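Here's final06.cif, which has mmCIF, C-alpha atoms and all ligand atoms:
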```
data_work
#
loop_
_atom_site.label_atom_id
_atom_site.label_comp_id
_atom_site.auth_asym_id
_atom_site.auth_seq_id
_atom_site.Cartn_x
_atom_site.Cartn_y
_atom_site.Cartn_z
CA MET A 14 -23.06 -22.97 -64.07
CA GLU A 15 -25.93 -25.17 -62.89
CA LYS A 16 -24.86 -28.64 -61.80
CA ILE A 17 -26.41 -32.05 -62.21
CA ARG A 18 -25.79 -35.33 -60.41
CA LEU A 19 -23.89 -37.88 -62.50
CA GLY A 20 -25.73 -41.04 -61.57
CA LYS A 21 -24.44 -43.19 -58.75
CA THR A 22 -21.03 -41.48 -58.80
CA ASN A 23 -22.85 -38.67 -56.94
CA LEU A 24 -20.43 -36.29 -58.65
CA MET A 25 -22.04 -32.91 -59.22
CA VAL A 26 -21.02 -31.93 -62.74
CA SER A 27 -21.62 -28.64 -64.54
CA LYS A 28 -24.50 -29.19 -66.96
CA LEU A 29 -22.01 -28.97 -69.80
CA GLY A 30 -18.73 -30.88 -69.91
CA PHE A 31 -15.57 -30.58 -71.98
CA GLY A 32 -14.61 -33.27 -74.49
CA GLY A 33 -10.86 -33.41 -75.06
CA ILE A 34 -10.51 -34.99 -78.52
CA PRO A 35 -10.27 -31.84 -80.69
CA ILE A 36 -7.53 -30.13 -78.67
CA GLN A 37 -5.18 -32.71 -80.15
CA ARG A 38 -5.19 -30.44 -83.21
CA ASP A 39 -4.18 -27.40 -81.12
CA SER A 40 -0.72 -26.26 -80.18
CA GLU A 41 0.09 -26.60 -76.48
CA ASP A 42 -0.64 -22.90 -75.85
CA GLU A 43 -3.95 -23.06 -77.71
CA ALA A 44 -5.05 -26.21 -75.89
CA VAL A 45 -4.16 -24.76 -72.49
CA THR A 46 -6.05 -21.54 -73.31
CA VAL A 47 -9.17 -23.48 -74.35
CA VAL A 48 -9.24 -25.61 -71.20
CA LYS A 49 -8.65 -22.61 -68.94
CA ARG A 50 -11.45 -20.68 -70.66
CA CYS A 51 -13.81 -23.61 -70.14
CA MET A 52 -13.01 -23.55 -66.44
CA GLU A 53 -13.57 -19.79 -66.28
CA LEU A 54 -16.97 -20.32 -67.87
CA GLY A 55 -17.94 -22.69 -65.07
CA ILE A 56 -17.26 -26.06 -66.68
CA ASN A 57 -15.98 -28.42 -64.01
CA TYR A 58 -15.83 -31.69 -65.99
CA ILE A 59 -12.96 -32.47 -68.32
CA ASP A 60 -12.85 -35.65 -70.37
CA THR A 61 -9.86 -37.04 -72.20
CA ALA A 62 -8.31 -40.41 -73.05
CA ASN A 63 -5.05 -42.25 -73.12
CA ALA A 64 -5.53 -42.54 -76.88
CA TYR A 65 -5.95 -38.80 -77.54
CA THR A 66 -2.24 -38.15 -78.17
CA THR A 67 -1.37 -34.77 -76.56
CA SER A 68 -4.75 -34.18 -74.90
CA GLU A 69 -3.98 -35.52 -71.40
CA GLU A 70 -0.65 -33.75 -71.22
CA HIS A 71 -2.08 -30.38 -72.28
CA ILE A 72 -5.01 -30.71 -69.90
CA GLY A 73 -2.52 -31.50 -67.12
CA LYS A 74 -0.75 -28.21 -67.82
CA ALA A 75 -4.03 -26.27 -67.99
CA ILE A 76 -5.35 -27.50 -64.64
CA SER A 77 -2.04 -27.23 -62.82
CA GLY A 78 -2.66 -25.61 -59.41
CA GLN A 79 -6.43 -25.96 -59.81
CA ARG A 80 -6.94 -29.69 -59.33
CA ASP A 81 -9.78 -29.18 -56.85
CA ALA A 82 -11.78 -27.15 -59.37
CA VAL A 83 -12.21 -30.00 -61.84
CA ILE A 84 -13.64 -33.45 -62.15
CA LEU A 85 -11.22 -35.36 -64.37
CA ALA A 86 -12.30 -38.23 -66.58
CA THR A 87 -10.08 -40.27 -68.83
CA LYS A 88 -10.18 -43.70 -70.44
CA SER A 89 -8.20 -46.63 -71.78
CA ARG A 90 -8.63 -48.85 -74.78
CA GLY A 91 -6.57 -51.47 -72.96
CA ARG A 92 -8.00 -54.96 -72.89
CA THR A 93 -5.40 -56.65 -70.69
CA ARG A 94 -4.31 -56.15 -67.08
CA GLU A 95 -0.91 -54.92 -68.22
CA GLU A 96 -2.35 -52.34 -70.63
CA LEU A 97 -4.75 -50.99 -68.01
CA GLU A 98 -1.98 -50.73 -65.42
CA SER A 99 0.34 -48.89 -67.77
CA HIS A 100 -2.35 -46.60 -69.23
CA LEU A 101 -3.53 -45.58 -65.77
CA GLN A 102 0.00 -44.78 -64.64
CA LEU A 103 0.57 -42.79 -67.82
CA SER A 104 -2.68 -40.83 -67.38
CA LEU A 105 -1.77 -39.90 -63.79
CA LYS A 106 1.64 -38.73 -64.98
CA ARG A 107 0.44 -36.78 -68.01
CA LEU A 108 -2.39 -35.14 -66.08
CA GLN A 109 0.02 -34.46 -63.17
CA VAL A 110 -2.50 -35.65 -60.58
CA ASP A 111 -2.66 -38.18 -57.72
CA PHE A 112 -6.07 -39.48 -58.67
CA ILE A 113 -8.59 -39.51 -61.50
CA ASP A 114 -12.26 -38.96 -60.72
CA LEU A 115 -13.68 -41.20 -63.44
CA TYR A 116 -11.73 -43.86 -65.29
CA GLN A 117 -13.54 -45.41 -68.23
CA PHE A 118 -13.14 -48.47 -70.42
CA HIS A 119 -12.94 -46.91 -73.87
CA ASN A 120 -15.13 -48.07 -76.77
CA VAL A 121 -16.45 -51.37 -75.53
CA SER A 122 -18.69 -52.08 -78.48
CA ASP A 123 -19.18 -55.85 -78.61
CA LEU A 124 -20.16 -58.45 -76.06
CA ASN A 125 -16.92 -60.36 -76.33
CA THR A 126 -14.92 -57.25 -75.33
CA LEU A 127 -17.32 -56.65 -72.45
CA ASP A 128 -16.59 -60.19 -71.20
CA VAL A 129 -12.85 -59.62 -71.58
CA ILE A 130 -12.82 -56.45 -69.47
CA LEU A 131 -15.03 -58.04 -66.81
CA ASP A 132 -12.84 -61.14 -66.44
CA PRO A 133 -12.33 -61.48 -62.66
CA LYS A 134 -8.56 -61.48 -63.15
CA GLY A 135 -8.57 -59.00 -66.00
CA PRO A 136 -8.83 -55.22 -66.59
CA MET A 137 -11.77 -54.60 -64.24
CA ALA A 138 -9.80 -56.11 -61.35
CA VAL A 139 -7.02 -53.58 -62.05
CA LEU A 140 -9.44 -50.66 -61.86
CA GLU A 141 -11.20 -51.97 -58.75
CA ASN A 142 -7.83 -52.29 -57.07
CA ALA A 143 -6.89 -48.76 -58.21
CA LYS A 144 -10.16 -47.56 -56.70
CA LYS A 145 -9.30 -49.14 -53.35
CA GLN A 146 -5.91 -47.42 -53.49
CA GLY A 147 -7.57 -44.07 -54.22
CA LYS A 148 -5.95 -43.69 -57.65
CA ILE A 149 -9.36 -43.53 -59.26
CA LYS A 150 -12.70 -42.67 -57.68
CA HIS A 151 -15.23 -44.14 -60.11
CA ILE A 152 -15.38 -46.60 -63.00
CA GLY A 153 -17.29 -46.00 -66.24
CA ILE A 154 -17.58 -47.34 -69.76
CA THR A 155 -17.94 -45.84 -73.23
CA SER A 156 -19.57 -47.62 -76.15
CA HIS A 157 -20.85 -47.16 -79.68
CA GLN A 158 -23.09 -50.18 -79.76
CA ILE A 159 -26.48 -50.06 -78.11
CA ASP A 160 -26.93 -53.75 -77.19
CA THR A 161 -23.47 -53.91 -75.65
CA ALA A 162 -24.16 -50.71 -73.72
CA LYS A 163 -27.38 -52.19 -72.35
CA GLU A 164 -25.60 -55.35 -71.20
CA ALA A 165 -22.88 -53.23 -69.58
CA ILE A 166 -25.47 -51.28 -67.61
CA LYS A 167 -27.19 -54.46 -66.47
CA THR A 168 -23.97 -55.77 -64.90
CA ASP A 169 -24.08 -52.91 -62.37
CA ARG A 170 -20.28 -52.77 -62.53
CA PHE A 171 -20.12 -49.33 -64.17
CA GLU A 172 -21.14 -46.02 -62.65
CA THR A 173 -21.36 -44.12 -65.93
CA LEU A 174 -22.00 -44.80 -69.59
CA MET A 175 -20.80 -42.54 -72.39
CA PHE A 176 -22.73 -42.98 -75.61
CA ALA A 177 -23.39 -40.90 -78.74
CA PHE A 178 -26.69 -39.04 -78.36
CA ASN A 179 -28.18 -36.19 -80.37
CA PHE A 180 -31.44 -35.51 -82.17
CA ILE A 181 -30.33 -37.47 -85.21
CA ALA A 182 -28.70 -40.36 -83.36
CA CYS A 183 -31.62 -40.39 -80.94
CA GLU A 184 -31.99 -44.17 -80.46
CA PRO A 185 -30.74 -43.99 -76.83
CA ALA A 186 -33.90 -42.09 -75.81
CA THR A 187 -36.18 -45.09 -76.12
CA GLU A 188 -34.48 -47.87 -74.14
CA LEU A 189 -30.87 -47.13 -73.27
CA LEU A 190 -31.44 -43.95 -71.28
CA PRO A 191 -34.39 -45.37 -69.29
CA LEU A 192 -32.26 -48.44 -68.48
CA ALA A 193 -29.39 -46.22 -67.33
CA ARG A 194 -31.84 -44.34 -65.08
CA GLU A 195 -33.17 -47.58 -63.66
CA HIS A 196 -29.61 -48.61 -62.68
CA ASP A 197 -28.63 -45.08 -61.65
CA VAL A 198 -25.83 -45.08 -64.21
CA GLY A 199 -24.76 -41.53 -65.17
CA PHE A 200 -25.47 -40.90 -68.86
CA ILE A 201 -22.75 -38.91 -70.63
CA ALA A 202 -23.71 -37.83 -74.15
CA MET A 203 -20.83 -37.78 -76.59
CA LYS A 204 -21.19 -36.30 -80.07
CA PRO A 205 -23.99 -33.86 -79.15
CA LEU A 206 -23.37 -32.24 -82.55
CA ALA A 207 -23.17 -35.62 -84.32
CA GLY A 208 -19.47 -35.22 -84.97
CA GLY A 209 -19.96 -31.85 -86.70
CA ARG A 210 -22.91 -32.96 -88.81
CA LEU A 211 -25.40 -30.80 -86.92
CA GLU A 212 -24.75 -27.18 -87.75
CA ASN A 213 -27.55 -25.71 -85.64
CA VAL A 214 -25.79 -25.76 -82.27
CA LYS A 215 -28.69 -24.19 -80.44
CA LEU A 216 -31.14 -26.80 -81.65
CA ALA A 217 -28.76 -29.65 -80.85
CA PHE A 218 -28.28 -28.61 -77.23
CA LYS A 219 -31.91 -27.67 -76.68
CA TYR A 220 -32.84 -31.18 -77.77
CA LEU A 221 -30.45 -32.80 -75.30
CA TYR A 222 -31.53 -30.57 -72.44
CA GLN A 223 -35.03 -32.01 -72.74
CA PHE A 224 -33.45 -34.88 -70.79
CA PRO A 225 -32.41 -33.26 -67.51
CA ASP A 226 -30.16 -36.14 -66.43
CA VAL A 227 -28.26 -36.37 -69.73
CA PHE A 228 -24.81 -34.83 -69.49
CA PRO A 229 -23.49 -33.54 -72.84
CA ILE A 230 -19.76 -33.23 -73.41
CA PRO A 231 -19.05 -31.59 -76.77
CA GLY A 232 -15.55 -31.90 -78.15
CA ILE A 233 -14.04 -28.42 -78.17
CA GLN A 234 -11.08 -27.09 -80.11
CA LYS A 235 -11.51 -23.32 -79.94
CA VAL A 236 -12.54 -20.78 -77.33
CA GLN A 237 -15.29 -19.40 -79.62
CA GLU A 238 -16.94 -22.81 -79.83
CA ILE A 239 -17.37 -23.21 -76.10
CA GLU A 240 -18.39 -19.57 -75.66
CA GLU A 241 -21.15 -20.05 -78.24
CA ILE A 242 -22.50 -23.14 -76.49
CA VAL A 243 -22.30 -21.64 -72.99
CA SER A 244 -24.16 -18.51 -74.15
CA LEU A 245 -27.10 -20.74 -75.12
CA LEU A 246 -27.53 -21.84 -71.53
CA ASP A 247 -28.82 -18.38 -70.59
CA GLU A 248 -31.80 -18.78 -72.91
CA PRO A 249 -34.96 -20.81 -72.26
CA LEU A 250 -34.10 -24.40 -73.15
CA ALA A 251 -37.56 -25.71 -73.96
CA LEU A 252 -38.07 -26.49 -77.65
CA ASN A 253 -40.77 -24.39 -79.26
CA GLU A 254 -43.01 -25.72 -81.99
CA ALA A 255 -40.95 -24.32 -84.84
CA GLU A 256 -37.81 -25.95 -83.43
CA GLN A 257 -39.55 -29.29 -83.01
CA ASN A 258 -40.65 -29.07 -86.64
CA GLU A 259 -37.14 -28.25 -87.70
CA ILE A 260 -35.81 -31.31 -85.90
CA GLN A 261 -38.37 -33.48 -87.70
CA HIS A 262 -37.41 -31.89 -90.99
CA LEU A 263 -33.67 -32.47 -90.42
CA ARG A 264 -34.28 -36.05 -89.34
CA GLN A 265 -36.23 -36.71 -92.53
CA GLU A 266 -33.61 -35.03 -94.64
CA LEU A 267 -30.79 -37.14 -93.19
CA GLY A 268 -32.94 -40.25 -92.79
CA ASN A 269 -31.17 -43.26 -91.36
CA ARG A 270 -28.47 -43.21 -93.99
CA PHE A 271 -25.94 -41.06 -92.24
CA CYS A 272 -22.65 -41.91 -90.61
CA ARG A 273 -22.36 -41.29 -86.86
CA ASN A 274 -18.59 -41.08 -87.05
CA CYS A 275 -18.07 -43.87 -84.53
CA ASP A 276 -15.42 -45.72 -86.56
CA TYR A 277 -16.79 -49.03 -85.42
CA CYS A 278 -16.50 -50.15 -89.08
CA GLN A 279 -12.71 -50.04 -88.83
CA PRO A 280 -10.25 -51.47 -89.61
CA CYS A 281 -11.04 -51.36 -93.32
CA THR A 282 -9.01 -54.00 -95.12
CA ALA A 283 -8.10 -51.40 -97.77
CA GLU A 284 -7.30 -48.72 -95.17
CA ILE A 285 -10.08 -46.42 -96.34
CA PRO A 286 -10.93 -43.77 -93.71
CA ILE A 287 -14.64 -44.53 -94.10
CA SER A 288 -16.11 -41.98 -91.67
CA MET A 289 -13.98 -39.23 -93.22
CA VAL A 290 -15.16 -40.16 -96.71
CA LEU A 291 -18.78 -40.17 -95.55
CA PHE A 292 -18.32 -36.78 -93.90
CA ALA A 293 -16.95 -35.26 -97.11
CA PRO A 294 -20.31 -33.86 -98.38
CA ASN A 295 -20.16 -31.37 -95.49
CA ILE A 296 -16.77 -30.23 -96.77
CA ILE A 297 -17.61 -30.34 -100.48
CA LYS A 298 -20.38 -27.79 -100.14
CA ASP A 299 -18.07 -25.34 -98.38
CA VAL A 300 -14.79 -25.61 -100.29
CA LYS A 301 -13.83 -23.26 -103.02
CA ARG A 302 -12.86 -24.37 -106.52
CA GLU A 303 -9.15 -24.95 -105.69
CA GLY A 304 -10.10 -27.21 -102.78
CA LEU A 305 -12.00 -29.50 -105.13
CA PHE A 306 -9.10 -30.07 -107.48
CA GLY A 307 -6.22 -30.66 -105.13
CA GLY A 308 -5.18 -31.08 -101.54
CA MET A 309 -6.63 -33.27 -98.86
CA LEU A 310 -10.18 -33.49 -100.19
CA ALA A 311 -9.01 -34.70 -103.59
CA GLU A 312 -6.75 -37.27 -101.92
CA LEU A 313 -9.60 -38.43 -99.71
CA MET A 314 -11.87 -38.89 -102.70
CA GLU A 315 -9.30 -41.24 -104.26
CA LYS A 316 -9.45 -43.63 -101.31
CA PRO A 317 -12.76 -45.45 -101.99
CA SER A 318 -11.36 -46.72 -105.30
CA ALA A 319 -9.22 -49.13 -103.23
CA CYS A 320 -12.34 -50.86 -101.86
CA THR A 321 -12.16 -54.62 -102.45
CA ASP A 322 -15.86 -55.16 -101.76
CA CYS A 323 -15.05 -57.42 -98.83
CA GLY A 324 -18.13 -56.13 -96.98
CA GLU A 325 -16.53 -56.42 -93.52
CA CYS A 326 -17.17 -52.77 -92.68
CA GLU A 327 -20.90 -53.17 -93.27
CA GLU A 328 -21.06 -56.18 -90.97
CA ARG A 329 -19.44 -54.11 -88.23
CA CYS A 330 -21.47 -50.90 -88.65
CA PRO A 331 -23.96 -50.79 -85.74
CA TYR A 332 -26.34 -48.71 -87.89
CA LYS A 333 -26.27 -51.21 -90.76
CA LEU A 334 -25.27 -48.52 -93.22
CA PRO A 335 -24.71 -49.54 -96.86
CA ILE A 336 -21.20 -48.13 -96.61
CA ARG A 337 -20.02 -49.01 -100.11
CA GLU A 338 -23.11 -47.47 -101.70
CA LEU A 339 -22.78 -44.34 -99.57
CA MET A 340 -19.11 -43.95 -100.48
CA SER A 341 -20.01 -44.19 -104.17
CA GLU A 342 -22.65 -41.51 -103.69
CA VAL A 343 -20.11 -39.24 -102.03
CA VAL A 344 -17.57 -39.72 -104.82
CA ASN A 345 -20.28 -39.07 -107.44
CA LEU A 346 -21.26 -35.88 -105.64
CA TYR A 347 -17.63 -34.78 -105.59
CA GLU A 348 -17.18 -35.53 -109.31
CA ALA A 349 -20.37 -33.61 -110.11
CA GLU A 350 -19.11 -30.59 -108.17
CA LYS A 351 -15.81 -30.74 -110.03
CA ARG A 352 -17.54 -30.89 -113.39
CA LYS A 353 -19.22 -27.57 -112.65
CA TYR A 354 -15.80 -25.94 -113.01
CA GLN A 355 -14.52 -27.89 -116.01
S1 LIG B 1 -15.99 -53.27 -98.20
FE1 LIG B 1 -14.48 -51.80 -98.91
S2 LIG B 1 -14.66 -50.13 -97.43
FE2 LIG B 1 -15.59 -51.92 -96.47
S3 LIG B 1 -13.93 -52.89 -95.27
FE3 LIG B 1 -14.01 -53.87 -97.29
S4 LIG B 1 -12.49 -52.72 -98.49
FE4 LIG B 1 -13.00 -51.43 -96.70
S1 LIG B 2 -20.01 -46.16 -91.29
FE1 LIG B 2 -21.12 -46.96 -89.52
S2 LIG B 2 -19.52 -47.84 -88.22
FE2 LIG B 2 -18.49 -46.57 -89.73
S3 LIG B 2 -18.21 -44.63 -88.70
FE3 LIG B 2 -20.12 -44.50 -89.86
S4 LIG B 2 -21.74 -45.11 -88.44
FE4 LIG B 2 -19.80 -45.75 -87.53
#
```
How would this structure read if it were set down as structure tokens?
Amino acid sequence: MEKIRLGKTNLMVSKLGFGGIPIQRDSEDEAVTVVKRCMELGINYIDTANAYTTSEEHIGKAISGQRDAVILATKSRGRTREELESHLQLSLKRLQVDFIDLYQFHNVSDLNTLDVILDPKGPMAVLENAKKQGKIKHIGITSHQIDTAKEAIKTDRFETLMFAFNFIACEPATELLPLAREHDVGFIAMKPLAGGRLENVKLAFKYLYQFPDVFPIPGIQKVQEIEEIVSLLDEPLALNEAEQNEIQHLRQELGNRFCRNCDYCQPCTAEIPISMVLFAPNIIKDVKREGLFGGMLAELMEKPSACTDCGECEERCPYKLPIRELMSEVVNLYEAEKRKYQ
């Protein structure tokens, strides 16, 4: 697979990476099979996180004996020295490796947290020391909030930035990506399929490949998913006029009122899984009658009734979504679907 340079890390990564969130839902055998198949297909970049339950451990098993063939990236949500130290040790153990190529601060999405991790005696000092010891090779950051991501880039303390980027959540194209280029910070695009909201896989990847230095890492659960994406790379990647029109059409259809699945609105004081509720329309249109009346979807649709109208989620949403209104719309849609069968 063709390789691109990942900013100032100078790592040469396959133009498609592997995102390790979804393999948490796989059995160990399934997860190992998926990771091995990705490597066979020429993917040399594997991303995971301390927080992704079984992901690191299963990746460790999959790459056993092939450490040199992969660039390993993981991350920590730790915000103290002690957490960073213990998460790094745990990652090395679970992945069964002596070093990690890219270690990232996970979900730094407000300026206060950015200050905390950059404290001279805090988490960044732990990673810089680990870098000197050879336990990690590069330091990156992941974020869901554009202003925080910009400030992080400007510090010149991070070699990569991971941020959601796709043709619907396309805000990074205007300022964030140019700023990353200016600072030679590698740009890793998470959620290239908008967390499952974009069904046209071909269109989603063709859009991202209009930016030759953007490095997409789709989350993969099944072998068929990665095979489908890799097969697209053999085709011309320029967008034709019809595809550009389709992107415009889809953008208009979704407008700005769609959830990017970042979970920055959490914690909800009433423990409502907001992003799951807002994703439900994608499920409602596909489920059969029985799925509407019982099971997980029905349980999920009960949750918004616990909303206390505190409004805290809306203050935290970086996209300023009217979350309560959107949840009501989803529940109304669900009730309307149910009525069709009553
Ligand atoms: S407004 Fe409702 S959904 Fe939002 S945080 Fe408060 S209780 Fe949760
Ligand atoms: S509602 Fe806003 S903050 Fe919450 S997951 Fe969706 S986009 Fe993110």
Residue list as an mmCIF file with C-alpha atoms, in the coordinates of the input for point (-24.0, -31.5, -87.6), cut-off 12 Å, only C-alpha atoms:
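File part-v6.cif, as written:
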```
data_model
loop_
_atom_site.group_PDB
_atom_site.id
_atom_site.type_symbol
_atom_site.label_atom_id
_atom_site.label_comp_id
_atom_site.auth_asym_id
_atom_site.auth_seq_id
_atom_site.Cartn_x
_atom_site.Cartn_y
_atom_site.Cartn_z
ATOM 1 C CA ASN A 179 -28.180 -36.190 -80.370
ATOM 2 C CA PHE A 180 -31.440 -35.510 -82.170
ATOM 3 C CA ILE A 181 -30.330 -37.470 -85.210
ATOM 4 C CA ALA A 182 -28.700 -40.360 -83.360
ATOM 5 C CA LYS A 204 -21.190 -36.300 -80.070
ATOM 6 C CA PRO A 205 -23.990 -33.860 -79.150
ATOM 7 C CA LEU A 206 -23.370 -32.240 -82.550
ATOM 8 C CA ALA A 207 -23.170 -35.620 -84.320
ATOM 9 C CA GLY A 208 -19.470 -35.220 -84.970
ATOM 10 C CA GLY A 209 -19.960 -31.850 -86.700
ATOM 11 C CA ARG A 210 -22.910 -32.960 -88.810
ATOM 12 C CA LEU A 211 -25.400 -30.800 -86.920
ATOM 13 C CA GLU A 212 -24.750 -27.180 -87.750
ATOM 14 C CA ASN A 213 -27.550 -25.710 -85.640
ATOM 15 C CA VAL A 214 -25.790 -25.760 -82.270
ATOM 16 C CA LYS A 215 -28.690 -24.190 -80.440
ATOM 17 C CA LEU A 216 -31.140 -26.800 -81.650
ATOM 18 C CA ALA A 217 -28.760 -29.650 -80.850
ATOM 19 C CA PHE A 218 -28.280 -28.610 -77.230
ATOM 20 C CA PRO A 231 -19.050 -31.590 -76.770
ATOM 21 C CA ILE A 260 -35.810 -31.310 -85.900
ATOM 22 C CA LEU A 263 -33.670 -32.470 -90.420
ATOM 23 C CA ARG A 264 -34.280 -36.050 -89.340
ATOM 24 C CA LEU A 267 -30.790 -37.140 -93.190
ATOM 25 C CA PHE A 271 -25.940 -41.060 -92.240
ATOM 26 C CA CYS A 272 -22.650 -41.910 -90.610
ATOM 27 C CA ARG A 273 -22.360 -41.290 -86.860
ATOM 28 C CA ASN A 274 -18.590 -41.080 -87.050
ATOM 29 C CA PHE A 292 -18.320 -36.780 -93.900
ATOM 30 C CA PRO A 294 -20.310 -33.860 -98.380
ATOM 31 C CA ASN A 295 -20.160 -31.370 -95.490
ATOM 32 C CA ILE A 296 -16.770 -30.230 -96.770
#
```
### Task
Find the spatial neighbours of Ile230 of chain A, counting only C-alpha atoms, within a cut-off of 6 Å - ignore same-chain residues fewer than 2 positions away - and output them as a ChimeraX atom specification.
/A:30-32,203
Go ahead and dump the residues you just picked, C-alpha atoms, as a PDB file, in the frame of the given file.
```pdb
ATOM      1  CA  GLY A  30     -18.730 -30.880 -69.910  1.00  0.00           C
ATOM      2  CA  PHE A  31     -15.570 -30.580 -71.980  1.00  0.00           C
ATOM      3  CA  GLY A  32     -14.610 -33.270 -74.490  1.00  0.00           C
ATOM      4  CA  MET A 203     -20.830 -37.780 -76.590  1.00  0.00           C
TER       5      MET A 203
END
```
Mind running chain A against ligand LIG 2 (chain B) at 8 Å and telling me each contacting residue's nearest atom pair with the distance in Å (one decimal), counting all atoms listed in the file, chain and number ascending, as a tab-separated table?
```
residue	atom	partner	partner_atom	distance
A:Phe271	CA	B:LIG2	S4	7.0
A:Cys272	CA	B:LIG2	FE3	3.7
A:Arg273	CA	B:LIG2	S4	4.2
A:Asn274	CA	B:LIG2	S3	3.9
A:Cys275	CA	B:LIG2	FE4	3.9
A:Asp276	CA	B:LIG2	S3	3.7
A:Tyr277	CA	B:LIG2	S2	4.1
A:Cys278	CA	B:LIG2	S2	3.9
A:Gln279	CA	B:LIG2	FE2	6.8
A:Ile287	CA	B:LIG2	FE2	6.2
A:Ser288	CA	B:LIG2	S3	4.5
A:Leu291	CA	B:LIG2	FE3	7.3
A:Cys326	CA	B:LIG2	FE2	7.0
A:Glu327	CA	B:LIG2	FE1	7.3
A:Arg329	CA	B:LIG2	S2	6.3
A:Cys330	CA	B:LIG2	S2	3.7
A:Pro331	CA	B:LIG2	S2	5.9
A:Tyr332	CA	B:LIG2	FE1	5.7
A:Lys333	CA	B:LIG2	FE1	6.8
A:Leu334	CA	B:LIG2	FE1	5.8
A:Ile336	CA	B:LIG2	S1	5.8
```
### Query
Which residues sit within 9 Å of ligand LIG 1 (chain B), counting only C-alpha atoms and all ligand atoms, listed as a list in words?
Cys278, Gln279, Pro280, Cys281, Thr282, Ala283, Glu284, Ile285, Pro286, Ile287, Pro317, Ser318, Ala319, Cys320, Thr321, Asp322, Cys323, Gly324, Glu325, Cys326, Glu327, Glu328, Ile336, Arg337 and Met340 of chain A
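Proximity ranking of A:Glu96, A:Thr173, A:Tyr354, A:Ala251 relative to Lys301 of chain A places A:Tyr354 first, based on all atoms listed in the file.
For the pair atom CA of Pro133 of chain A and atom CA of Leu192 of chain A, the interatomic distance is 24.5 Å.
Atom CA of Phe171 of chain A sits 27.1 Å away from atom CA of Cys51 of chain A.
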Around all the atoms of segment 131-139 of chain A listed in the file, draw an axis-aligned box and extend it by 3 Å on each of the six sides; I want its centre and edge lengths in Å to one decimal, as JSON.
```
{"center_x": -11.0, "center_y": -57.5, "center_z": -64.1, "size_x": 14.0, "size_y": 13.9, "size_z": 11.5}
```
### Task
Considering only C-alpha atoms, state which residue in the set A:Met137, A:Met314, A:Val26, A:Met309 is at the smallest distance from Ile84 of chain A.
A:Val26
### Task
Go through A:Ala177, A:Ala138, A:Ser156, A:Asp114 one by one, measure the shortest atom-to-atom distance of each to Arg90 of chain A using only C-alpha atoms, and give the residue with the smallest value.
A:Ser156
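Of the residues listed (A:Asp132, A:Glu266, A:Glu238, A:Glu303), A:Asp132 shows the shortest atom-to-atom separation from Arg92 of chain A; distances use all atoms listed in the file.
Each of A:Pro225, A:Gly268, A:Gly20, A:Gly147 was compared to Leu105 of chain A using all atoms listed in the file, and A:Gly147 turns out to be the nearest.
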### Message
Between atom CA of Ala311 of chain A and atom CA of Pro35 of chain A, what distance in Å does the model show, to one decimal?
### Response
23.1 Å
### Message
If we count all atoms listed in the file and set the cut-off at 12 Å, which residues sit around Leu246 of chain A, ignoring sequence neighbours fewer than 6 positions away in its own chain? Please answer as an NGL selection string.
### Response
:A and (14-15 or 27-29 or 54-55 or 214-216 or 218-219 or 221-222 or 239-240)
Only C-alpha atoms, please: the residues just picked out, written as a compact mmCIF listing (two decimals), in the coordinates of the input.
```txt
# COMPACT_ATOMS: atom_id res chain seq x y z
CA MET A 14 -23.06 -22.97 -64.07
CA GLU A 15 -25.93 -25.17 -62.89
CA SER A 27 -21.62 -28.64 -64.54
CA LYS A 28 -24.50 -29.19 -66.96
CA LEU A 29 -22.01 -28.97 -69.80
CA LEU A 54 -16.97 -20.32 -67.87
CA GLY A 55 -17.94 -22.69 -65.07
CA VAL A 214 -25.79 -25.76 -82.27
CA LYS A 215 -28.69 -24.19 -80.44
CA LEU A 216 -31.14 -26.80 -81.65
CA PHE A 218 -28.28 -28.61 -77.23
CA LYS A 219 -31.91 -27.67 -76.68
CA LEU A 221 -30.45 -32.80 -75.30
CA TYR A 222 -31.53 -30.57 -72.44
CA ILE A 239 -17.37 -23.21 -76.10
CA GLU A 240 -18.39 -19.57 -75.66
```
### Query
Pick the closest to Gln102 of chain A from A:Ile76, A:Asp160, A:Leu140, A:Val243: which is it, counting all atoms listed in the file?
A:Leu140
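Residues in contact with Asn63 of chain A at 7 Å, where all atoms listed in the file are counted and same-chain residues fewer than 5 positions away are skipped, are listed as Thr87, Lys88, Ser89, His100 and Ser104 of chain A.
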Save the residues we just selected, C-alpha atoms, as a CSV table (one decimal), in the frame of the given file?
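The file below, selection.csv, is the result:
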```
chain,number,residue,atom,x,y,z
A,87,THR,CA,-10.1,-40.3,-68.8
A,88,LYS,CA,-10.2,-43.7,-70.4
A,89,SER,CA,-8.2,-46.6,-71.8
A,100,HIS,CA,-2.4,-46.6,-69.2
A,104,SER,CA,-2.7,-40.8,-67.4
```
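By all atoms listed in the file, and with residues fewer than 4 positions from Ile149 of chain A along its chain excluded, the set lying at most 6 Å from it is Phe112, Ile113, Asp114, Ala143 and Lys144 of chain A.
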